[in-house]
Structure formats: C-alpha cells, structure tokens
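Q: Below is the file upload_7.pdb, which contains PDB, C-alpha atoms and all ligand atoms.
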ATOM      1  CA  MET A   1      98.876 -55.117  11.027  1.00  0.00           C
ATOM      2  CA  MET A   2     102.153 -55.894   9.307  1.00  0.00           C
ATOM      3  CA  LYS A   3     102.150 -59.156   7.398  1.00  0.00           C
ATOM      4  CA  GLN A   4     104.201 -61.838   9.116  1.00  0.00           C
ATOM      5  CA  THR A   5     106.988 -63.357   7.096  1.00  0.00           C
ATOM      6  CA  PHE A   6     108.894 -66.604   7.513  1.00  0.00           C
ATOM      7  CA  PHE A   7     112.557 -67.046   8.487  1.00  0.00           C
ATOM      8  CA  ASP A   8     114.257 -70.344   7.559  1.00  0.00           C
ATOM      9  CA  SER A   9     116.914 -70.606  10.269  1.00  0.00           C
ATOM     10  CA  HIS A  10     118.742 -73.484   8.571  1.00  0.00           C
ATOM     11  CA  ALA A  11     118.859 -74.047   4.817  1.00  0.00           C
ATOM     12  CA  HIS A  12     121.825 -75.049   2.663  1.00  0.00           C
ATOM     13  CA  LEU A  13     120.699 -73.017  -0.319  1.00  0.00           C
ATOM     14  CA  ASP A  14     124.341 -72.763  -1.431  1.00  0.00           C
ATOM     15  CA  PHE A  15     124.409 -76.508  -2.266  1.00  0.00           C
ATOM     16  CA  GLU A  16     124.577 -77.565  -5.901  1.00  0.00           C
ATOM     17  CA  GLU A  17     121.076 -79.088  -5.700  1.00  0.00           C
ATOM     18  CA  PHE A  18     119.848 -75.496  -6.080  1.00  0.00           C
ATOM     19  CA  ASP A  19     122.220 -74.378  -8.833  1.00  0.00           C
ATOM     20  CA  HIS A  20     119.746 -74.896 -11.662  1.00  0.00           C
ATOM     21  CA  ASP A  21     116.787 -73.016 -10.181  1.00  0.00           C
ATOM     22  CA  ARG A  22     118.010 -70.925  -7.236  1.00  0.00           C
ATOM     23  CA  GLU A  23     116.844 -67.663  -8.776  1.00  0.00           C
ATOM     24  CA  ALA A  24     113.336 -69.028  -9.392  1.00  0.00           C
ATOM     25  CA  LEU A  25     113.182 -70.513  -5.906  1.00  0.00           C
ATOM     26  CA  PHE A  26     114.012 -67.187  -4.245  1.00  0.00           C
ATOM     27  CA  ILE A  27     111.283 -65.501  -6.310  1.00  0.00           C
ATOM     28  CA  LYS A  28     108.777 -68.164  -5.255  1.00  0.00           C
ATOM     29  CA  MET A  29     109.871 -67.889  -1.616  1.00  0.00           C
ATOM     30  CA  LYS A  30     109.390 -64.142  -1.666  1.00  0.00           C
ATOM     31  CA  ALA A  31     105.880 -64.579  -3.089  1.00  0.00           C
ATOM     32  CA  GLU A  32     105.096 -66.932  -0.159  1.00  0.00           C
ATOM     33  CA  GLY A  33     106.455 -64.469   2.406  1.00  0.00           C
ATOM     34  CA  ILE A  34     109.636 -66.467   3.081  1.00  0.00           C
ATOM     35  CA  ASP A  35     112.049 -63.593   3.052  1.00  0.00           C
ATOM     36  CA  ARG A  36     114.830 -64.502   5.472  1.00  0.00           C
ATOM     37  CA  VAL A  37     117.202 -67.472   5.413  1.00  0.00           C
ATOM     38  CA  LEU A  38     120.262 -68.497   7.398  1.00  0.00           C
ATOM     39  CA  ILE A  39     122.810 -70.552   5.463  1.00  0.00           C
ATOM     40  CA  PRO A  40     125.079 -72.526   7.811  1.00  0.00           C
ATOM     41  CA  GLY A  41     128.706 -73.238   6.946  1.00  0.00           C
ATOM     42  CA  VAL A  42     129.848 -76.843   6.560  1.00  0.00           C
ATOM     43  CA  SER A  43     133.482 -77.024   5.486  1.00  0.00           C
ATOM     44  CA  PRO A  44     136.430 -74.758   4.589  1.00  0.00           C
ATOM     45  CA  GLU A  45     136.255 -75.830   0.919  1.00  0.00           C
ATOM     46  CA  ARG A  46     132.658 -74.650   0.696  1.00  0.00           C
ATOM     47  CA  TRP A  47     132.822 -71.352   2.589  1.00  0.00           C
ATOM     48  CA  SER A  48     133.623 -69.175  -0.424  1.00  0.00           C
ATOM     49  CA  ARG A  49     130.680 -70.487  -2.468  1.00  0.00           C
ATOM     50  CA  GLN A  50     128.423 -70.223   0.594  1.00  0.00           C
ATOM     51  CA  LEU A  51     129.426 -66.586   1.197  1.00  0.00           C
ATOM     52  CA  GLU A  52     128.956 -65.763  -2.476  1.00  0.00           C
ATOM     53  CA  ILE A  53     125.361 -67.058  -2.394  1.00  0.00           C
ATOM     54  CA  ALA A  54     124.656 -65.473   1.001  1.00  0.00           C
ATOM     55  CA  ASN A  55     125.852 -62.128  -0.305  1.00  0.00           C
ATOM     56  CA  GLN A  56     124.008 -62.396  -3.618  1.00  0.00           C
ATOM     57  CA  TYR A  57     120.640 -63.177  -1.975  1.00  0.00           C
ATOM     58  CA  GLN A  58     121.295 -61.295   1.275  1.00  0.00           C
ATOM     59  CA  CYS A  59     121.006 -64.392   3.458  1.00  0.00           C
ATOM     60  CA  PHE A  60     122.327 -64.584   6.985  1.00  0.00           C
ATOM     61  CA  PHE A  61     125.133 -67.076   7.428  1.00  0.00           C
ATOM     62  CA  GLY A  62     127.110 -69.060   9.981  1.00  0.00           C
ATOM     63  CA  LEU A  63     130.733 -70.131   9.721  1.00  0.00           C
ATOM     64  CA  GLY A  64     131.662 -73.594  10.855  1.00  0.00           C
ATOM     65  CA  ILE A  65     132.760 -77.146  10.138  1.00  0.00           C
ATOM     66  CA  HIS A  66     130.124 -79.886  10.084  1.00  0.00           C
ATOM     67  CA  PRO A  67     131.020 -83.267  11.679  1.00  0.00           C
ATOM     68  CA  TRP A  68     130.561 -84.954   8.263  1.00  0.00           C
ATOM     69  CA  PHE A  69     133.426 -82.865   6.882  1.00  0.00           C
ATOM     70  CA  ILE A  70     136.325 -83.624   9.227  1.00  0.00           C
ATOM     71  CA  PRO A  71     139.341 -81.728   7.890  1.00  0.00           C
ATOM     72  CA  PRO A  72     142.640 -83.564   7.348  1.00  0.00           C
ATOM     73  CA  ASP A  73     144.460 -81.091   9.621  1.00  0.00           C
ATOM     74  CA  LEU A  74     142.193 -80.065  12.480  1.00  0.00           C
ATOM     75  CA  ASP A  75     144.407 -77.319  13.952  1.00  0.00           C
ATOM     76  CA  LYS A  76     144.923 -75.720  10.573  1.00  0.00           C
ATOM     77  CA  ALA A  77     141.181 -75.789   9.868  1.00  0.00           C
ATOM     78  CA  ILE A  78     140.369 -74.098  13.187  1.00  0.00           C
ATOM     79  CA  ILE A  79     142.962 -71.368  12.505  1.00  0.00           C
ATOM     80  CA  HIS A  80     141.377 -70.894   9.069  1.00  0.00           C
ATOM     81  CA  LEU A  81     137.920 -70.718  10.666  1.00  0.00           C
ATOM     82  CA  GLU A  82     139.011 -68.105  13.194  1.00  0.00           C
ATOM     83  CA  ALA A  83     140.543 -66.001  10.407  1.00  0.00           C
ATOM     84  CA  GLN A  84     137.226 -66.162   8.500  1.00  0.00           C
ATOM     85  CA  VAL A  85     135.309 -65.227  11.646  1.00  0.00           C
ATOM     86  CA  ASN A  86     137.552 -62.213  12.180  1.00  0.00           C
ATOM     87  CA  GLN A  87     137.140 -61.183   8.577  1.00  0.00           C
ATOM     88  CA  HIS A  88     133.345 -61.168   8.858  1.00  0.00           C
ATOM     89  CA  LEU A  89     132.820 -59.899  12.430  1.00  0.00           C
ATOM     90  CA  SER A  90     131.466 -56.561  11.196  1.00  0.00           C
ATOM     91  CA  ASN A  91     129.348 -58.129   8.423  1.00  0.00           C
ATOM     92  CA  PRO A  92     125.699 -57.817   9.563  1.00  0.00           C
ATOM     93  CA  LEU A  93     124.821 -61.064   7.735  1.00  0.00           C
ATOM     94  CA  PHE A  94     127.299 -63.096   9.798  1.00  0.00           C
ATOM     95  CA  VAL A  95     125.392 -64.257  12.869  1.00  0.00           C
ATOM     96  CA  ALA A  96     126.682 -67.569  14.253  1.00  0.00           C
ATOM     97  CA  ILE A  97     129.317 -70.254  14.553  1.00  0.00           C
ATOM     98  CA  GLY A  98     128.201 -73.455  12.816  1.00  0.00           C
ATOM     99  CA  GLU A  99     127.067 -75.704  11.850  1.00  0.00           C
ATOM    100  CA  CYS A 100     129.174 -77.946  14.023  1.00  0.00           C
ATOM    101  CA  GLY A 101     128.316 -80.805  16.307  1.00  0.00           C
ATOM    102  CA  LEU A 102     128.376 -84.535  16.814  1.00  0.00           C
ATOM    103  CA  ASP A 103     127.009 -87.455  14.811  1.00  0.00           C
ATOM    104  CA  LYS A 104     127.183 -90.984  16.203  1.00  0.00           C
ATOM    105  CA  LEU A 105     126.205 -92.423  12.823  1.00  0.00           C
ATOM    106  CA  ARG A 106     129.505 -91.164  11.375  1.00  0.00           C
ATOM    107  CA  SER A 107     133.069 -92.260  12.096  1.00  0.00           C
ATOM    108  CA  ASP A 108     135.888 -90.564  14.044  1.00  0.00           C
ATOM    109  CA  PHE A 109     133.764 -89.653  17.041  1.00  0.00           C
ATOM    110  CA  THR A 110     136.771 -88.620  19.174  1.00  0.00           C
ATOM    111  CA  VAL A 111     137.925 -86.232  16.432  1.00  0.00           C
ATOM    112  CA  GLN A 112     134.354 -84.947  16.097  1.00  0.00           C
ATOM    113  CA  VAL A 113     134.305 -84.093  19.810  1.00  0.00           C
ATOM    114  CA  GLU A 114     137.564 -82.149  19.503  1.00  0.00           C
ATOM    115  CA  LEU A 115     136.395 -80.333  16.356  1.00  0.00           C
ATOM    116  CA  CYS A 116     133.111 -79.405  18.017  1.00  0.00           C
ATOM    117  CA  HIS A 117     134.787 -78.300  21.248  1.00  0.00           C
ATOM    118  CA  GLN A 118     137.182 -75.996  19.374  1.00  0.00           C
ATOM    119  CA  GLN A 119     134.237 -74.347  17.633  1.00  0.00           C
ATOM    120  CA  LEU A 120     132.330 -73.928  20.894  1.00  0.00           C
ATOM    121  CA  LEU A 121     135.388 -72.140  22.265  1.00  0.00           C
ATOM    122  CA  LEU A 122     135.344 -69.793  19.256  1.00  0.00           C
ATOM    123  CA  ALA A 123     131.646 -69.097  19.837  1.00  0.00           C
ATOM    124  CA  LYS A 124     132.479 -68.236  23.424  1.00  0.00           C
ATOM    125  CA  LYS A 125     135.469 -66.079  22.509  1.00  0.00           C
ATOM    126  CA  TYR A 126     133.524 -64.050  19.913  1.00  0.00           C
ATOM    127  CA  HIS A 127     130.209 -63.950  21.844  1.00  0.00           C
ATOM    128  CA  LEU A 128     128.324 -65.706  19.068  1.00  0.00           C
ATOM    129  CA  PRO A 129     125.483 -68.230  19.206  1.00  0.00           C
ATOM    130  CA  VAL A 130     126.237 -71.693  17.866  1.00  0.00           C
ATOM    131  CA  ILE A 131     124.305 -73.894  15.408  1.00  0.00           C
ATOM    132  CA  LEU A 132     124.579 -77.522  16.485  1.00  0.00           C
ATOM    133  CA  HIS A 133     124.032 -80.749  14.580  1.00  0.00           C
ATOM    134  CA  ALA A 134     123.246 -83.519  17.088  1.00  0.00           C
ATOM    135  CA  VAL A 135     122.575 -87.101  16.025  1.00  0.00           C
ATOM    136  CA  LYS A 136     122.381 -89.870  18.648  1.00  0.00           C
ATOM    137  CA  CYS A 137     124.797 -87.985  20.914  1.00  0.00           C
ATOM    138  CA  HIS A 138     122.733 -85.833  23.287  1.00  0.00           C
ATOM    139  CA  ALA A 139     124.535 -87.068  26.431  1.00  0.00           C
ATOM    140  CA  GLU A 140     127.982 -86.267  24.981  1.00  0.00           C
ATOM    141  CA  LEU A 141     126.860 -82.917  23.597  1.00  0.00           C
ATOM    142  CA  ILE A 142     125.188 -81.860  26.846  1.00  0.00           C
ATOM    143  CA  ALA A 143     128.403 -82.763  28.710  1.00  0.00           C
ATOM    144  CA  LEU A 144     130.451 -80.668  26.276  1.00  0.00           C
ATOM    145  CA  LEU A 145     128.077 -77.693  26.538  1.00  0.00           C
ATOM    146  CA  THR A 146     128.001 -77.916  30.320  1.00  0.00           C
ATOM    147  CA  LYS A 147     131.802 -77.798  30.336  1.00  0.00           C
ATOM    148  CA  THR A 148     132.055 -74.917  27.845  1.00  0.00           C
ATOM    149  CA  LYS A 149     129.236 -72.696  29.214  1.00  0.00           C
ATOM    150  CA  LEU A 150     128.305 -70.542  26.221  1.00  0.00           C
ATOM    151  CA  PRO A 151     126.979 -67.098  27.151  1.00  0.00           C
ATOM    152  CA  HIS A 152     124.882 -66.794  23.960  1.00  0.00           C
ATOM    153  CA  GLY A 153     123.618 -70.366  23.702  1.00  0.00           C
ATOM    154  CA  GLY A 154     122.467 -71.411  20.284  1.00  0.00           C
ATOM    155  CA  VAL A 155     120.234 -73.901  18.568  1.00  0.00           C
ATOM    156  CA  ILE A 156     120.031 -77.686  18.373  1.00  0.00           C
ATOM    157  CA  HIS A 157     119.069 -77.793  14.741  1.00  0.00           C
ATOM    158  CA  GLY A 158     116.674 -80.474  13.473  1.00  0.00           C
ATOM    159  CA  PHE A 159     116.029 -81.455  17.067  1.00  0.00           C
ATOM    160  CA  TYR A 160     114.986 -85.014  17.655  1.00  0.00           C
ATOM    161  CA  GLY A 161     114.881 -86.140  21.261  1.00  0.00           C
ATOM    162  CA  SER A 162     112.689 -86.457  24.312  1.00  0.00           C
ATOM    163  CA  VAL A 163     111.051 -83.765  26.430  1.00  0.00           C
ATOM    164  CA  GLU A 164     113.624 -84.516  29.168  1.00  0.00           C
ATOM    165  CA  ILE A 165     116.554 -83.915  26.811  1.00  0.00           C
ATOM    166  CA  ALA A 166     114.913 -80.757  25.462  1.00  0.00           C
ATOM    167  CA  LYS A 167     114.663 -79.439  29.030  1.00  0.00           C
ATOM    168  CA  GLN A 168     118.391 -79.965  29.540  1.00  0.00           C
ATOM    169  CA  TYR A 169     119.133 -77.886  26.438  1.00  0.00           C
ATOM    170  CA  GLN A 170     116.730 -75.259  27.720  1.00  0.00           C
ATOM    171  CA  LEU A 171     118.769 -74.974  30.941  1.00  0.00           C
ATOM    172  CA  LEU A 172     121.900 -74.490  28.828  1.00  0.00           C
ATOM    173  CA  GLY A 173     120.276 -71.567  26.995  1.00  0.00           C
ATOM    174  CA  PHE A 174     119.552 -73.431  23.770  1.00  0.00           C
ATOM    175  CA  LYS A 175     116.644 -73.276  21.399  1.00  0.00           C
ATOM    176  CA  LEU A 176     115.350 -76.150  19.280  1.00  0.00           C
ATOM    177  CA  GLY A 177     115.222 -76.021  15.481  1.00  0.00           C
ATOM    178  CA  ILE A 178     111.965 -77.599  14.309  1.00  0.00           C
ATOM    179  CA  GLY A 179     111.884 -78.851  10.732  1.00  0.00           C
ATOM    180  CA  GLY A 180     110.067 -81.092   8.284  1.00  0.00           C
ATOM    181  CA  LEU A 181     110.149 -84.075  10.622  1.00  0.00           C
ATOM    182  CA  LEU A 182     107.270 -82.432  12.497  1.00  0.00           C
ATOM    183  CA  LEU A 183     105.082 -83.136   9.448  1.00  0.00           C
ATOM    184  CA  ASN A 184     105.629 -86.889   9.797  1.00  0.00           C
ATOM    185  CA  PRO A 185     102.567 -88.399  11.526  1.00  0.00           C
ATOM    186  CA  MET A 186     104.867 -91.016  13.114  1.00  0.00           C
ATOM    187  CA  ALA A 187     107.149 -88.437  14.808  1.00  0.00           C
ATOM    188  CA  LYS A 188     105.222 -88.632  18.091  1.00  0.00           C
ATOM    189  CA  LYS A 189     108.224 -87.803  20.272  1.00  0.00           C
ATOM    190  CA  LEU A 190     108.754 -84.541  18.407  1.00  0.00           C
ATOM    191  CA  HIS A 191     105.036 -83.710  18.512  1.00  0.00           C
ATOM    192  CA  HIS A 192     105.219 -84.198  22.255  1.00  0.00           C
ATOM    193  CA  VAL A 193     108.243 -81.871  22.549  1.00  0.00           C
ATOM    194  CA  VAL A 194     106.472 -79.145  20.551  1.00  0.00           C
ATOM    195  CA  SER A 195     103.319 -79.545  22.681  1.00  0.00           C
ATOM    196  CA  GLU A 196     105.118 -79.497  26.034  1.00  0.00           C
ATOM    197  CA  LEU A 197     108.059 -77.092  25.932  1.00  0.00           C
ATOM    198  CA  PRO A 198     107.712 -73.304  26.325  1.00  0.00           C
ATOM    199  CA  LEU A 199     107.016 -71.587  23.003  1.00  0.00           C
ATOM    200  CA  ASP A 200     110.050 -69.348  23.362  1.00  0.00           C
ATOM    201  CA  MET A 201     112.289 -72.381  22.777  1.00  0.00           C
ATOM    202  CA  PHE A 202     111.389 -72.990  19.146  1.00  0.00           C
ATOM    203  CA  ILE A 203     112.698 -71.701  15.862  1.00  0.00           C
ATOM    204  CA  ILE A 204     111.845 -73.144  12.439  1.00  0.00           C
ATOM    205  CA  GLU A 205     114.093 -74.529   9.746  1.00  0.00           C
ATOM    206  CA  THR A 206     114.133 -76.906   6.785  1.00  0.00           C
ATOM    207  CA  ASP A 207     117.739 -78.156   6.443  1.00  0.00           C
ATOM    208  CA  SER A 208     117.132 -77.946   2.685  1.00  0.00           C
ATOM    209  CA  PRO A 209     117.937 -79.763   0.444  1.00  0.00           C
ATOM    210  CA  SER A 210     117.801 -82.589   3.058  1.00  0.00           C
ATOM    211  CA  MET A 211     115.000 -83.649   5.406  1.00  0.00           C
ATOM    212  CA  THR A 212     112.235 -83.634   2.792  1.00  0.00           C
ATOM    213  CA  PRO A 213     108.942 -84.320   4.621  1.00  0.00           C
ATOM    214  CA  ILE A 214     107.724 -87.885   4.280  1.00  0.00           C
ATOM    215  CA  ASN A 215     104.536 -87.035   2.335  1.00  0.00           C
ATOM    216  CA  SER A 216     106.090 -84.449   0.048  1.00  0.00           C
ATOM    217  CA  PRO A 217     105.778 -84.928  -3.715  1.00  0.00           C
ATOM    218  CA  GLU A 218     109.134 -83.150  -4.086  1.00  0.00           C
ATOM    219  CA  LYS A 219     112.391 -85.068  -3.741  1.00  0.00           C
ATOM    220  CA  ARG A 220     114.355 -82.018  -2.716  1.00  0.00           C
ATOM    221  CA  ASN A 221     113.401 -80.085   0.403  1.00  0.00           C
ATOM    222  CA  SER A 222     113.081 -76.298   0.236  1.00  0.00           C
ATOM    223  CA  PRO A 223     112.052 -73.375   2.474  1.00  0.00           C
ATOM    224  CA  LEU A 224     108.601 -73.509   0.843  1.00  0.00           C
ATOM    225  CA  ILE A 225     107.498 -76.028   3.520  1.00  0.00           C
ATOM    226  CA  LEU A 226     107.809 -73.468   6.368  1.00  0.00           C
ATOM    227  CA  PRO A 227     104.098 -72.495   6.374  1.00  0.00           C
ATOM    228  CA  ALA A 228     103.162 -76.191   6.829  1.00  0.00           C
ATOM    229  CA  ILE A 229     105.524 -76.434   9.831  1.00  0.00           C
ATOM    230  CA  ILE A 230     103.907 -73.379  11.432  1.00  0.00           C
ATOM    231  CA  GLU A 231     100.440 -74.850  10.775  1.00  0.00           C
ATOM    232  CA  LYS A 232     101.416 -78.109  12.449  1.00  0.00           C
ATOM    233  CA  MET A 233     102.893 -76.258  15.445  1.00  0.00           C
ATOM    234  CA  ALA A 234      99.689 -74.198  15.742  1.00  0.00           C
ATOM    235  CA  PHE A 235      97.620 -77.396  15.635  1.00  0.00           C
ATOM    236  CA  LEU A 236      99.740 -79.041  18.361  1.00  0.00           C
ATOM    237  CA  ARG A 237      99.641 -75.941  20.583  1.00  0.00           C
ATOM    238  CA  LYS A 238      95.952 -75.174  19.871  1.00  0.00           C
ATOM    239  CA  LYS A 239      96.960 -71.615  19.013  1.00  0.00           C
ATOM    240  CA  SER A 240      96.613 -69.499  15.893  1.00  0.00           C
ATOM    241  CA  THR A 241      99.272 -69.651  13.178  1.00  0.00           C
ATOM    242  CA  VAL A 242      99.659 -65.879  13.543  1.00  0.00           C
ATOM    243  CA  LEU A 243     100.593 -66.213  17.195  1.00  0.00           C
ATOM    244  CA  ILE A 244     102.976 -69.135  16.610  1.00  0.00           C
ATOM    245  CA  LEU A 245     104.748 -67.427  13.720  1.00  0.00           C
ATOM    246  CA  GLU A 246     105.083 -64.208  15.689  1.00  0.00           C
ATOM    247  CA  GLN A 247     106.666 -66.035  18.643  1.00  0.00           C
ATOM    248  CA  VAL A 248     108.991 -68.141  16.469  1.00  0.00           C
ATOM    249  CA  ASN A 249     110.167 -65.056  14.587  1.00  0.00           C
ATOM    250  CA  LYS A 250     110.787 -63.267  17.863  1.00  0.00           C
ATOM    251  CA  ASN A 251     112.850 -66.240  19.087  1.00  0.00           C
ATOM    252  CA  THR A 252     114.952 -66.279  15.914  1.00  0.00           C
ATOM    253  CA  LEU A 253     115.670 -62.556  16.013  1.00  0.00           C
ATOM    254  CA  GLN A 254     116.555 -62.784  19.695  1.00  0.00           C
ATOM    255  CA  LEU A 255     118.888 -65.754  19.195  1.00  0.00           C
ATOM    256  CA  TYR A 256     120.819 -64.090  16.371  1.00  0.00           C
ATOM    257  CA  GLU A 257     120.581 -60.599  17.885  1.00  0.00           C
ATOM    258  CA  LEU A 258     118.941 -59.139  14.781  1.00  0.00           C
TER     259      LEU A 258
HETATM  260 ZN    ZN A 301     122.572 -78.497   8.051  1.00  0.00          ZN
END
As structure tokens, what does this structure read like?
A:
Amino acid sequence: MMKQTFFDSHAHLDFEEFDHDREALFIKMKAEGIDRVLIPGVSPERWSRQLEIANQYQCFFGLGIHPWFIPPDLDKAIIHLEAQVNQHLSNPLFVAIGECGLDKLRSDFTVQVELCHQQLLLAKKYHLPVILHAVKCHAELIALLTKTKLPHGGVIHGFYGSVEIAKQYQLLGFKLGIGGLLLNPMAKKLHHVVSELPLDMFIIETDSPSMTPINSPEKRNSPLILPAIIEKMAFLRKKSTVLILEQVNKNTLQLYEL
C-alpha cells in the first residue's frame, strides 16, 4: 500500500517567522510525510512574496485579502486581485480565492462584509473554491453565502462553532478546516463537531505560524503538528488514523480539484 502523506490546507509559510529556517522546516516536513501545503493570500502587498515562496517550494496557493488587511482603496484592491487571478488561472498551483472573510473582533465590519462579498463574487465568476476566515460572525457569513450561492463551496478554515452551525455550512457546500485547537482538551465544542459531522466534511490545517496548540513546547506553530491532529480525529471517531487520513486527503483533493 502507498504510504499516506499529509496535506496542510492552510499554512502561512511565506510569513517572516519562517525566514530563518524555512529550508530546514521543509526538509523536516518531508521526512514526516508532510509533502503538500496550501499557502493562502492575505494582502496585495504580500502576494509577490507569497507567490515566490509557493513557487520555490511548490506549494499550492490561494489569492485573496484577509479581513485584517483592509486595503485603503477597496475597489482598486479588488481590480488588482482579479488581475492576479487572471494571471494565474492556468497555474496548477493556484487553487482558490482567499483567504477572505469576516472577523467581529476587528474593526470596520461593514467594509469587511463588502470586501468579503466582492471576493465571493470572484470565486463564483472563476469557478473557484473559497477559503474563509470566520470569527464570531457565523450568522452574517451564512447570510452572505446564502445570497451568493457558490457552485464550488470552500472551507471555513480554523472552524470553531457548534454542530448546528457546521450543518448550515454543510448545506452550503462547505468543508471545515480542523487545526491545532482540536488538541486543546478544553475545546469540547470542536471535539463534538468532529465526532458528529460526516467525515467527508473535514480537512486539516495548522494556520502556521499562528494557532500553536496549547500544550506545545514550541512558540511558533508549524505543519509538523498534522499527525497529532489526525490522531486526535481518529480517537474521537474511534477509527484508525489510516482511514481518517485517507478520507481527509480525499476531501482536500476534491475541494481543490487536484
Ligand atoms: Zn490564515
């Protein structure tokens, strides 16, 4: 049987936190069987560096504007984004719009909604899945997705919500990105979601360098925690890690049409 490998569906390995040891990290990841990564886009200023790293290490990538990086001129930024999308449409590493989304803990919520909506429309126009950041805004995001009706769905990355909310995303054709939070013994709501929802809804991610698991000796998160996430999922589902990893990989490849 072919050895299963891990796919980190959300890691900001282009960020400067990795500048000093990126090469070594990729070597370590490869040794652990972590051989595929998706680097999401966060802001126009950072796209060129992101694409440079994605190309150098052959990582998949998304193009988008994160709600923490609201551009000074929204229309101009969306035009810039669409030009980038067009430029990379035939690049096999370019797989999604995002990350974009909504974050109630940050300011300018009305502008965030407009920025997110514009990116959902691009995802629809170019038949691409979308990578969504959703913090304390599930009702607003579900309303926006219901209105936009995306044919390819996408992922709610770093999902944190109830089983009921997860089911609403399921109806909208979305998957849930499960990350290091699952390793927190206190994250009962997320454990419940992973136990209850159909297995075809989950993909795995780390959101590196953020979202370091609570018990980790490392300060910086990295894709090296993926095997622990799969182990925890297997424990919660009472299934083998082989089966869980196989299903999660299948989900990821299906979502990004790889
Ligand atoms: Zn992210």
Q: Assuming the chain letters and numbering stay as they are in my file, what does the PyMOL selection byres (((chain A and resi 125) around 12) and not hetatm) actually select? List them as a list in words.
A: Glu82, Val85, Asn86, Ile97, Gln118, Gln119, Leu120, Leu121, Leu122, Ala123, Lys124, Tyr126, His127, Leu128, Pro129, Val130, Thr148, Lys149, Leu150, Pro151 and His152 of chain A
Q: So that I can check the surroundings of Val95 of chain A, please list as a ChimeraX atom specification every protein, DNA and RNA residue that reaches within 8 Å of it, counting only C-alpha atoms and ignoring chain neighbours fewer than 5 positions away.
A: /A:60-62,128-129,256-257
Q: Would you export the selected residues with C-alpha atoms as a compact mmCIF listing (two decimals), in the frame of the given file, please?
A:
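What follows is the written file result28.txt:
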# COMPACT_ATOMS: atom_id res chain seq x y z
CA PHE A 60 122.33 -64.58 6.98
CA PHE A 61 125.13 -67.08 7.43
CA GLY A 62 127.11 -69.06 9.98
CA LEU A 128 128.32 -65.71 19.07
CA PRO A 129 125.48 -68.23 19.21
CA TYR A 256 120.82 -64.09 16.37
CA GLU A 257 120.58 -60.60 17.89
Q: Once you count all atoms listed in the file, which residues end up within 7 Å of ligand ZN 301 (chain A), and could you hand them over as an MDAnalysis selection string?
A: chainID A and resid 10:12 40 99 207
Q: For the atom pair atom CA of Leu171 of chain A and atom CA of Cys116 of chain A, what is the interatomic distance in Å to one decimal place?
A: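 Taking atom CA of Leu171 of chain A as the start and atom CA of Cys116 of chain A as the end point, the length is 19.8 Å.
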Q: Apply the PyMOL selection byres (((chain A and resi 190-202) around 7) and not hetatm) to the structure shown and report the selected residues as a CSV table (one decimal) with C-alpha atoms, keeping the file's coordinate frame.
A:
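Output file result05.csv is given in full below:
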chain,number,residue,atom,x,y,z
A,160,TYR,CA,115.0,-85.0,17.7
A,161,GLY,CA,114.9,-86.1,21.3
A,162,SER,CA,112.7,-86.5,24.3
A,163,VAL,CA,111.1,-83.8,26.4
A,175,LYS,CA,116.6,-73.3,21.4
A,176,LEU,CA,115.4,-76.2,19.3
A,177,GLY,CA,115.2,-76.0,15.5
A,178,ILE,CA,112.0,-77.6,14.3
A,182,LEU,CA,107.3,-82.4,12.5
A,187,ALA,CA,107.1,-88.4,14.8
A,188,LYS,CA,105.2,-88.6,18.1
A,189,LYS,CA,108.2,-87.8,20.3
A,203,ILE,CA,112.7,-71.7,15.9
A,204,ILE,CA,111.8,-73.1,12.4
A,233,MET,CA,102.9,-76.3,15.4
A,236,LEU,CA,99.7,-79.0,18.4
A,237,ARG,CA,99.6,-75.9,20.6
A,247,GLN,CA,106.7,-66.0,18.6
A,248,VAL,CA,109.0,-68.1,16.5
A,251,ASN,CA,112.8,-66.2,19.1
Q: Give me, as a PyMOL selection string, all polymer residues having an atom no more than 10 Å from Lys219 of chain A, counting all atoms listed in the file and skipping those fewer than 6 positions away in the same chain.
A: chain A and resi 209-213
Q: Could you please take those selected residues and save C-alpha atoms as a PDB file, in the coordinates of the input?
A:
ATOM      1  CA  PRO A 209     117.937 -79.763   0.444  1.00  0.00           C
ATOM      2  CA  SER A 210     117.801 -82.589   3.058  1.00  0.00           C
ATOM      3  CA  MET A 211     115.000 -83.649   5.406  1.00  0.00           C
ATOM      4  CA  THR A 212     112.235 -83.634   2.792  1.00  0.00           C
ATOM      5  CA  PRO A 213     108.942 -84.320   4.621  1.00  0.00           C
TER       6      PRO A 213
END
Q: Give me the residues within 10 Å of Leu105 of chain A as a ChimeraX atom specification, counting all atoms listed in the file and dropping any in the same chain fewer than 6 places off.
A: /A:68,135-137
Q: The PyMOL selection byres (((chain A and resi 224) around 8) and not hetatm) - which residues does that actually catch in the file I just gave you? List them as a ChimeraX atom specification.
A: /A:29,32,34,222-223,225-227
